[in-house]
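File shown here: work32.json, holding JSON, C-alpha atoms.
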[["chain", "number", "residue", "atom", "x", "y", "z"],
["A", 137, "ILE", "CA", 0.00, 0.00, 0.00],
["A", 138, "MET", "CA", 2.83, 2.38, 0.88],
["A", 139, "CYS", "CA", 4.57, 1.75, -2.45],
["A", 140, "VAL", "CA", 1.38, 2.35, -4.43],
["A", 141, "LEU", "CA", 0.73, 5.57, -2.50],
["A", 142, "GLY", "CA", 4.34, 6.59, -3.12],
["A", 143, "TRP", "CA", 3.87, 5.86, -6.81],
["A", 144, "CYS", "CA", 0.76, 8.07, -6.93],
["A", 145, "LEU", "CA", 2.64, 10.88, -5.20],
["A", 146, "ALA", "CA", 5.62, 10.51, -7.57],
["A", 147, "MET", "CA", 3.29, 10.71, -10.57],
["A", 148, "VAL", "CA", 1.73, 13.93, -9.27],
["A", 149, "VAL", "CA", 5.15, 15.47, -8.57],
["A", 150, "ALA", "CA", 6.43, 14.45, -12.02],
["A", 151, "TYR", "CA", 3.30, 15.88, -13.66],
["A", 152, "ARG", "CA", 3.69, 19.18, -11.81],
["A", 153, "ASN", "CA", 7.46, 19.35, -12.50],
["A", 154, "PRO", "CA", 7.99, 17.70, -15.90],
["A", 155, "ASP", "CA", 11.53, 19.09, -16.31],
["A", 156, "SER", "CA", 12.80, 18.03, -12.89],
["A", 157, "GLU", "CA", 15.40, 15.26, -12.95],
["A", 158, "LEU", "CA", 14.76, 14.59, -9.27],
["A", 159, "ALA", "CA", 11.05, 14.07, -9.97],
["A", 160, "ARG", "CA", 11.98, 11.68, -12.78],
["A", 161, "VAL", "CA", 14.21, 9.62, -10.45],
["A", 162, "TYR", "CA", 11.39, 9.39, -7.90],
["A", 163, "GLN", "CA", 8.94, 8.46, -10.66],
["A", 164, "VAL", "CA", 11.07, 5.63, -12.04],
["A", 165, "PHE", "CA", 11.92, 4.28, -8.59],
["A", 166, "ALA", "CA", 8.33, 4.47, -7.37],
["A", 167, "THR", "CA", 7.14, 2.60, -10.47],
["A", 168, "VAL", "CA", 9.66, -0.21, -9.98],
["A", 169, "ALA", "CA", 9.02, -0.38, -6.21],
["A", 170, "ALA", "CA", 5.23, -0.53, -6.68],
["A", 171, "ALA", "CA", 5.55, -3.25, -9.33],
["A", 172, "LEU", "CA", 7.87, -5.34, -7.14],
["A", 173, "SER", "CA", 5.68, -4.89, -4.07],
["A", 174, "LEU", "CA", 2.50, -5.84, -5.90],
["A", 175, "SER", "CA", 4.25, -8.87, -7.40],
["A", 176, "LEU", "CA", 5.43, -10.02, -3.97],
["A", 177, "HIS", "CA", 1.94, -9.46, -2.58],
["A", 178, "LEU", "CA", 0.38, -11.61, -5.31],
["A", 179, "VAL", "CA", 2.91, -14.41, -4.83],
["A", 180, "VAL", "CA", 2.52, -14.41, -1.05],
["A", 181, "ASN", "CA", -1.27, -14.56, -1.25],
["A", 182, "ARG", "CA", -1.31, -17.46, -3.72],
["A", 183, "VAL", "CA", 1.40, -19.72, -2.36],
["A", 184, "HIS", "CA", 1.86, -20.99, 1.18],
["A", 185, "PHE", "CA", 5.37, -20.35, 2.43],
["A", 186, "GLY", "CA", 7.13, -21.30, 5.63],
["A", 187, "TRP", "CA", 8.08, -19.35, 8.72],
["A", 188, "TRP", "CA", 10.89, -17.57, 6.88],
["A", 189, "LEU", "CA", 8.51, -15.49, 4.77],
["A", 190, "GLY", "CA", 8.22, -12.80, 7.46],
["A", 191, "PHE", "CA", 11.98, -12.39, 7.48],
["A", 192, "VAL", "CA", 12.20, -12.14, 3.71],
["A", 193, "SER", "CA", 9.33, -9.70, 3.35],
["A", 194, "THR", "CA", 10.55, -7.35, 6.10],
["A", 195, "ALA", "CA", 14.07, -7.38, 4.66],
["A", 196, "PHE", "CA", 12.48, -6.67, 1.26],
["A", 197, "ASP", "CA", 10.68, -3.63, 2.67],
["A", 198, "VAL", "CA", 13.82, -1.93, 3.96],
["A", 199, "THR", "CA", 15.75, -2.98, 0.86],
["A", 200, "LEU", "CA", 13.23, -1.09, -1.27],
["A", 201, "VAL", "CA", 13.89, 2.04, 0.77],
["A", 202, "SER", "CA", 17.64, 1.54, 0.42],
["A", 203, "ALA", "CA", 17.24, 1.01, -3.32],
["A", 204, "GLY", "CA", 15.39, 4.31, -3.58],
["A", 205, "LEU", "CA", 18.17, 6.09, -1.71],
["A", 206, "ALA", "CA", 20.72, 4.37, -3.97],
["A", 207, "ALA", "CA", 18.80, 5.57, -7.04],
["A", 208, "LEU", "CA", 19.04, 9.11, -5.71],
["A", 209, "LEU", "CA", 22.78, 8.68, -5.12],
["A", 210, "LEU", "CA", 23.31, 7.31, -8.61],
["A", 211, "GLY", "CA", 21.25, 10.17, -10.02],
["A", 212, "GLY", "CA", 23.61, 12.65, -8.36],
["A", 213, "PHE", "CA", 21.23, 13.74, -5.60],
["A", 214, "THR", "CA", 23.45, 12.98, -2.61],
["A", 215, "ASP", "CA", 21.82, 15.64, -0.42],
["A", 216, "HIS", "CA", 18.36, 14.18, -1.04],
["A", 217, "ALA", "CA", 19.57, 10.61, -0.49],
["A", 218, "LEU", "CA", 21.50, 11.14, 2.74],
["A", 219, "GLY", "CA", 19.94, 14.30, 4.07],
["A", 220, "GLY", "CA", 16.40, 14.31, 2.75],
["A", 221, "SER", "CA", 13.39, 13.35, 4.75],
["A", 222, "VAL", "CA", 11.20, 11.84, 2.05],
["A", 223, "LEU", "CA", 12.57, 8.32, 1.62],
["A", 224, "PHE", "CA", 14.51, 8.02, 4.88],
["A", 225, "VAL", "CA", 11.25, 8.21, 6.83],
["A", 226, "CYS", "CA", 10.02, 5.15, 4.91],
["A", 227, "TYR", "CA", 12.58, 3.09, 6.85],
["A", 228, "PHE", "CA", 10.49, 3.79, 9.94],
["A", 229, "TYR", "CA", 7.30, 2.58, 8.26],
["A", 230, "ALA", "CA", 9.05, -0.64, 7.29],
["A", 231, "LEU", "CA", 10.48, -1.08, 10.79],
["A", 232, "ALA", "CA", 7.08, -0.41, 12.37],
["A", 233, "ALA", "CA", 5.44, -2.90, 10.01],
["A", 234, "SER", "CA", 7.94, -5.57, 11.09],
["A", 235, "THR", "CA", 6.63, -5.14, 14.65],
["A", 236, "LEU", "CA", 3.18, -6.24, 13.50],
["A", 237, "ARG", "CA", 4.56, -9.71, 12.81],
["A", 238, "LEU", "CA", 4.93, -10.24, 16.57],
["A", 239, "ASP", "CA", 8.31, -11.86, 15.99],
["A", 240, "HIS", "CA", 11.13, -10.02, 17.71],
["A", 241, "ARG", "CA", 13.67, -11.76, 15.49],
["A", 242, "ALA", "CA", 12.09, -10.22, 12.38],
["A", 243, "CYS", "CA", 12.24, -6.79, 14.03],
["A", 244, "LEU", "CA", 15.90, -7.25, 14.86],
["A", 245, "LEU", "CA", 16.74, -8.54, 11.39],
["A", 246, "THR", "CA", 14.89, -5.67, 9.73],
["A", 247, "GLY", "CA", 16.70, -3.10, 11.84],
["A", 248, "LEU", "CA", 20.11, -4.63, 11.19],
["A", 249, "VAL", "CA", 19.44, -4.85, 7.45],
["A", 250, "ALA", "CA", 18.27, -1.21, 7.36],
["A", 251, "ALA", "CA", 21.29, 0.03, 9.33],
["A", 252, "GLY", "CA", 23.71, -2.08, 7.28],
["A", 253, "GLN", "CA", 22.30, -0.95, 3.97],
["A", 254, "TYR", "CA", 22.24, 2.70, 5.04],
["A", 255, "LEU", "CA", 25.85, 2.40, 6.23],
["A", 256, "ALA", "CA", 26.76, 0.94, 2.82],
["A", 257, "LEU", "CA", 25.06, 3.91, 1.13],
["A", 258, "ILE", "CA", 27.09, 6.31, 3.28],
["A", 259, "ALA", "CA", 30.30, 4.45, 2.38],
["A", 260, "PHE", "CA", 29.39, 4.50, -1.33],
["A", 261, "ALA", "CA", 28.65, 8.24, -1.26],
["A", 262, "GLY", "CA", 31.85, 8.92, 0.66],
["A", 263, "ALA", "CA", 33.96, 6.91, -1.76],
["A", 264, "ALA", "CA", 32.34, 8.61, -4.75],
["A", 265, "SER", "CA", 32.76, 12.15, -3.39],
["A", 266, "GLY", "CA", 35.98, 11.75, -1.43],
["A", 267, "TRP", "CA", 34.09, 12.40, 1.81],
["A", 268, "SER", "CA", 33.99, 16.09, 0.91],
["A", 269, "THR", "CA", 30.21, 16.49, 0.87],
["A", 270, "PRO", "CA", 28.91, 18.31, 3.99],
["A", 271, "ILE", "CA", 25.99, 15.88, 4.28],
["A", 272, "LEU", "CA", 28.51, 13.10, 5.07],
["A", 273, "GLN", "CA", 29.47, 14.67, 8.39],
["A", 274, "PRO", "CA", 29.75, 11.91, 11.01],
["A", 275, "GLU", "CA", 27.45, 13.75, 13.42],
["A", 276, "THR", "CA", 24.58, 13.85, 10.96],
["A", 277, "GLN", "CA", 24.89, 10.31, 9.67],
["A", 278, "SER", "CA", 25.56, 8.76, 13.09],
["A", 279, "VAL", "CA", 22.29, 10.27, 14.34],
["A", 280, "ARG", "CA", 20.44, 8.71, 11.40],
["A", 281, "LEU", "CA", 22.04, 5.32, 12.06],
["A", 282, "ALA", "CA", 21.22, 5.61, 15.76],
["A", 283, "LEU", "CA", 17.60, 6.35, 14.88],
["A", 284, "LEU", "CA", 17.41, 3.21, 12.72],
["A", 285, "ILE", "CA", 18.95, 1.04, 15.42],
["A", 286, "GLY", "CA", 16.80, 2.65, 18.10],
["A", 287, "MET", "CA", 13.65, 1.96, 16.09],
["A", 288, "ALA", "CA", 14.73, -1.66, 15.68],
["A", 289, "VAL", "CA", 15.28, -2.03, 19.42],
["A", 290, "LEU", "CA", 11.90, -0.44, 20.10],
["A", 291, "GLY", "CA", 10.31, -2.90, 17.66],
["A", 292, "VAL", "CA", 11.96, -5.82, 19.46],
["A", 293, "VAL", "CA", 10.70, -4.59, 22.83],
["A", 294, "VAL", "CA", 7.14, -3.99, 21.61],
["A", 295, "SER", "CA", 7.05, -7.33, 19.81],
["A", 296, "ARG", "CA", 8.30, -9.21, 22.88],
["A", 297, "ARG", "CA", 5.73, -7.48, 25.11],
["A", 298, "MET", "CA", 2.89, -8.26, 22.71],
["A", 299, "GLN", "CA", 3.71, -11.95, 22.33],
["A", 300, "ALA", "CA", 2.26, -13.03, 25.68],
["A", 301, "PRO", "CA", -1.11, -11.24, 25.26],
["A", 302, "HIS", "CA", -1.30, -12.55, 21.70],
["A", 303, "ILE", "CA", -0.77, -16.14, 22.85],
["A", 304, "LEU", "CA", -3.26, -15.73, 25.70],
["A", 305, "SER", "CA", -5.93, -14.31, 23.40],
["A", 306, "ALA", "CA", -5.38, -17.14, 20.92],
["A", 307, "ASN", "CA", -5.80, -19.69, 23.68],
["A", 308, "ASP", "CA", -9.01, -18.05, 24.95]]
Here is a file; write its structure as structure tokens.
Amino acid sequence: IMCVLGWCLAMVVAYRNPDSELARVYQVFATVAAALSLSLHLVVNRVHFGWWLGFVSTAFDVTLVSAGLAALLLGGFTDHALGGSVLFVCYFYALAASTLRLDHRACLLTGLVAAGQYLALIAFAGAASGWSTPILQPETQSVRLALLIGMAVLGVVVSRRMQAPHILSAND
């Protein structure tokens, strides 16, 4: 649902700013992300998978966000990728959604994948720019990494606390 809403927003922005390269990058990424998300949704609803599906789908969610940030980096929009608030916030939606699985391991995995991928994006941007871009300041990026890890820890705590009431309600 989030990818389809993002796609709709990207189409509106691209329509209103037809000459904007940034809008074009968002448009292409949102189209690919929506198509991949809908495809995964259709496959998951038609085929019964094992316990590992929650891990794969939550890792897929944060990987889509990282792919969008990578697309911005490759498009030359380093400030939007590592300092913008549009796509980075989507990490938090993905991390919050992992909590709904009521599996603290999925929350932890999702948080580690998000932090690892974001760290890789920082390293890629630093290697490409020689670490000269102001947005690559350690203070700024360490706060963003701490927010991702903190959200993962919060997801683990909430998931662990909700497991007992969930089991009790299922037994009732």
Could you build a table of the residues in region 165-264 of chain A lying no more than 10 Å from region 143-159 of chain A, giving for each the nearest pair of atoms and their separation in Å rounded to one decimal place, using only C-alpha atoms, ordered by chain and ascending residue number, as a tab-separated table?
residue	atom	partner	partner_atom	distance
A:Phe165	CA	A:Trp143	CA	8.4
A:Ala166	CA	A:Trp143	CA	4.7
A:Thr167	CA	A:Trp143	CA	5.9
A:Val168	CA	A:Trp143	CA	9.0
A:Ala169	CA	A:Trp143	CA	8.1
A:Ala170	CA	A:Trp143	CA	6.5
A:Ala171	CA	A:Trp143	CA	9.6
A:Leu208	CA	A:Leu158	CA	7.8
A:Gly211	CA	A:Leu158	CA	7.9
A:Gly212	CA	A:Leu158	CA	9.1
A:Phe213	CA	A:Leu158	CA	7.5
A:His216	CA	A:Leu158	CA	9.0
With C-alpha atoms retained, write the just-selected residues as a compact mmCIF listing (two decimals), in the frame of the given file.
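And here is the file that came out, again24.txt:
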# COMPACT_ATOMS: atom_id res chain seq x y z
CA PHE A 165 11.92 4.28 -8.59
CA ALA A 166 8.33 4.47 -7.37
CA THR A 167 7.14 2.60 -10.47
CA VAL A 168 9.66 -0.21 -9.98
CA ALA A 169 9.02 -0.38 -6.21
CA ALA A 170 5.23 -0.53 -6.68
CA ALA A 171 5.55 -3.25 -9.33
CA LEU A 208 19.04 9.11 -5.71
CA GLY A 211 21.25 10.17 -10.02
CA GLY A 212 23.61 12.65 -8.36
CA PHE A 213 21.23 13.74 -5.60
CA HIS A 216 18.36 14.18 -1.04
(message) Is it possible to get the residues within 8 Å of (10.7, -8.8, 7.9) (coordinates as in the file, counting all atoms listed in the file) written as a VMD selection string?
(response) chain A and resid 189 to 197 234 237 242 to 243 245 to 246
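With CA of Trp267 (chain A) on one side and CA of Thr214 (chain A) on the other, the separation reads 11.5 Å.
Comparing A:Ser265, A:Gln253, A:Ser173, A:Ser295 by their smallest distance to Arg241 (chain A), the closest is A:Ser295 (using all atoms listed in the file).
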(message) Just the number, please: distance in Å from CA of Gly219 (chain A) to CA of Leu272 (chain A), one decimal.
(response)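 Those two atoms sit 8.7 Å apart.
If you look at CA of Ala250 (chain A) and CA of Ile285 (chain A), they are 8.4 Å away from each other.
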(request) Rank nothing, just name the residue among A:Leu248, A:Pro301, A:Ala203, A:Ala259 nearest to Leu283 (chain A), using only C-alpha atoms. (result)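 Counting only C-alpha atoms, the residue closest to Leu283 (chain A) is A:Leu248.
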(request) Go through A:Gln299, A:Ser202, A:Ser305, A:Gln163 one by one, measure the shortest atom-to-atom distance of each to Ala217 (chain A) using all atoms listed in the file, and give the residue with the smallest value. (result) A:Ser202
Can you find the residues with an atom no farther than 12 Å from (13.7, -3.7, 22.3), counting all atoms listed in the file, and report them as an mmCIF file with C-alpha atoms, in the frame of the given file?
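Okay, this is what ended up in selection_11.cif:
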data_model
loop_
_atom_site.group_PDB
_atom_site.id
_atom_site.type_symbol
_atom_site.label_atom_id
_atom_site.label_comp_id
_atom_site.auth_asym_id
_atom_site.auth_seq_id
_atom_site.Cartn_x
_atom_site.Cartn_y
_atom_site.Cartn_z
ATOM 1 C CA THR A 235 6.630 -5.140 14.650
ATOM 2 C CA ASP A 239 8.310 -11.860 15.990
ATOM 3 C CA HIS A 240 11.130 -10.020 17.710
ATOM 4 C CA ARG A 241 13.670 -11.760 15.490
ATOM 5 C CA ALA A 242 12.090 -10.220 12.380
ATOM 6 C CA CYS A 243 12.240 -6.790 14.030
ATOM 7 C CA LEU A 244 15.900 -7.250 14.860
ATOM 8 C CA GLY A 247 16.700 -3.100 11.840
ATOM 9 C CA ILE A 285 18.950 1.040 15.420
ATOM 10 C CA GLY A 286 16.800 2.650 18.100
ATOM 11 C CA MET A 287 13.650 1.960 16.090
ATOM 12 C CA ALA A 288 14.730 -1.660 15.680
ATOM 13 C CA VAL A 289 15.280 -2.030 19.420
ATOM 14 C CA LEU A 290 11.900 -0.440 20.100
ATOM 15 C CA GLY A 291 10.310 -2.900 17.660
ATOM 16 C CA VAL A 292 11.960 -5.820 19.460
ATOM 17 C CA VAL A 293 10.700 -4.590 22.830
ATOM 18 C CA VAL A 294 7.140 -3.990 21.610
ATOM 19 C CA SER A 295 7.050 -7.330 19.810
ATOM 20 C CA ARG A 296 8.300 -9.210 22.880
ATOM 21 C CA ARG A 297 5.730 -7.480 25.110
ATOM 22 C CA MET A 298 2.890 -8.260 22.710
#
(request) Give the answer as one residue: which of A:Ser175, A:Arg280, A:Ala207, A:Val183 has the shortest atom-to-atom distance to Ser221 (chain A), using all atoms listed in the file? (result) A:Arg280
Have region 221-235 of chain A completed to N, CA and C atoms, please, and pass it along as a PDB file, keeping the file's coordinate frame.
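Output saved as out27.pdb:
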ATOM      1  N   SER A 221      14.310  13.987   3.809  1.00  0.00           N
ATOM      2  CA  SER A 221      13.390  13.350   4.750  1.00  0.00           C
ATOM      3  C   SER A 221      12.295  12.556   4.057  1.00  0.00           C
ATOM      4  N   VAL A 222      12.286  12.513   2.743  1.00  0.00           N
ATOM      5  CA  VAL A 222      11.200  11.840   2.050  1.00  0.00           C
ATOM      6  C   VAL A 222      11.343  10.326   2.137  1.00  0.00           C
ATOM      7  N   LEU A 223      12.417   9.775   1.622  1.00  0.00           N
ATOM      8  CA  LEU A 223      12.570   8.320   1.620  1.00  0.00           C
ATOM      9  C   LEU A 223      13.093   7.771   2.938  1.00  0.00           C
ATOM     10  N   PHE A 224      13.942   8.528   3.624  1.00  0.00           N
ATOM     11  CA  PHE A 224      14.510   8.020   4.880  1.00  0.00           C
ATOM     12  C   PHE A 224      13.413   7.665   5.877  1.00  0.00           C
ATOM     13  N   VAL A 225      12.360   8.460   5.905  1.00  0.00           N
ATOM     14  CA  VAL A 225      11.250   8.210   6.830  1.00  0.00           C
ATOM     15  C   VAL A 225      10.576   6.865   6.525  1.00  0.00           C
ATOM     16  N   CYS A 226      10.638   6.430   5.283  1.00  0.00           N
ATOM     17  CA  CYS A 226      10.020   5.150   4.910  1.00  0.00           C
ATOM     18  C   CYS A 226      10.691   3.976   5.626  1.00  0.00           C
ATOM     19  N   TYR A 227      11.949   4.128   6.021  1.00  0.00           N
ATOM     20  CA  TYR A 227      12.580   3.090   6.850  1.00  0.00           C
ATOM     21  C   TYR A 227      11.736   2.848   8.106  1.00  0.00           C
ATOM     22  N   PHE A 228      11.239   3.918   8.698  1.00  0.00           N
ATOM     23  CA  PHE A 228      10.490   3.790   9.940  1.00  0.00           C
ATOM     24  C   PHE A 228       9.151   3.089   9.726  1.00  0.00           C
ATOM     25  N   TYR A 229       8.529   3.314   8.580  1.00  0.00           N
ATOM     26  CA  TYR A 229       7.300   2.580   8.260  1.00  0.00           C
ATOM     27  C   TYR A 229       7.591   1.092   8.132  1.00  0.00           C
ATOM     28  N   ALA A 230       8.685   0.769   7.455  1.00  0.00           N
ATOM     29  CA  ALA A 230       9.050  -0.640   7.290  1.00  0.00           C
ATOM     30  C   ALA A 230       9.402  -1.275   8.634  1.00  0.00           C
ATOM     31  N   LEU A 231      10.125  -0.544   9.466  1.00  0.00           N
ATOM     32  CA  LEU A 231      10.480  -1.080  10.790  1.00  0.00           C
ATOM     33  C   LEU A 231       9.249  -1.234  11.671  1.00  0.00           C
ATOM     34  N   ALA A 232       8.324  -0.293  11.597  1.00  0.00           N
ATOM     35  CA  ALA A 232       7.080  -0.410  12.370  1.00  0.00           C
ATOM     36  C   ALA A 232       6.245  -1.583  11.872  1.00  0.00           C
ATOM     37  N   ALA A 233       6.210  -1.775  10.566  1.00  0.00           N
ATOM     38  CA  ALA A 233       5.440  -2.900  10.010  1.00  0.00           C
ATOM     39  C   ALA A 233       6.020  -4.237  10.447  1.00  0.00           C
ATOM     40  N   SER A 234       7.337  -4.306  10.632  1.00  0.00           N
ATOM     41  CA  SER A 234       7.940  -5.570  11.090  1.00  0.00           C
ATOM     42  C   SER A 234       7.466  -5.919  12.500  1.00  0.00           C
ATOM     43  N   THR A 235       7.132  -4.909  13.290  1.00  0.00           N
ATOM     44  CA  THR A 235       6.630  -5.140  14.650  1.00  0.00           C
ATOM     45  C   THR A 235       5.294  -5.864  14.628  1.00  0.00           C
TER      46      THR A 235
END
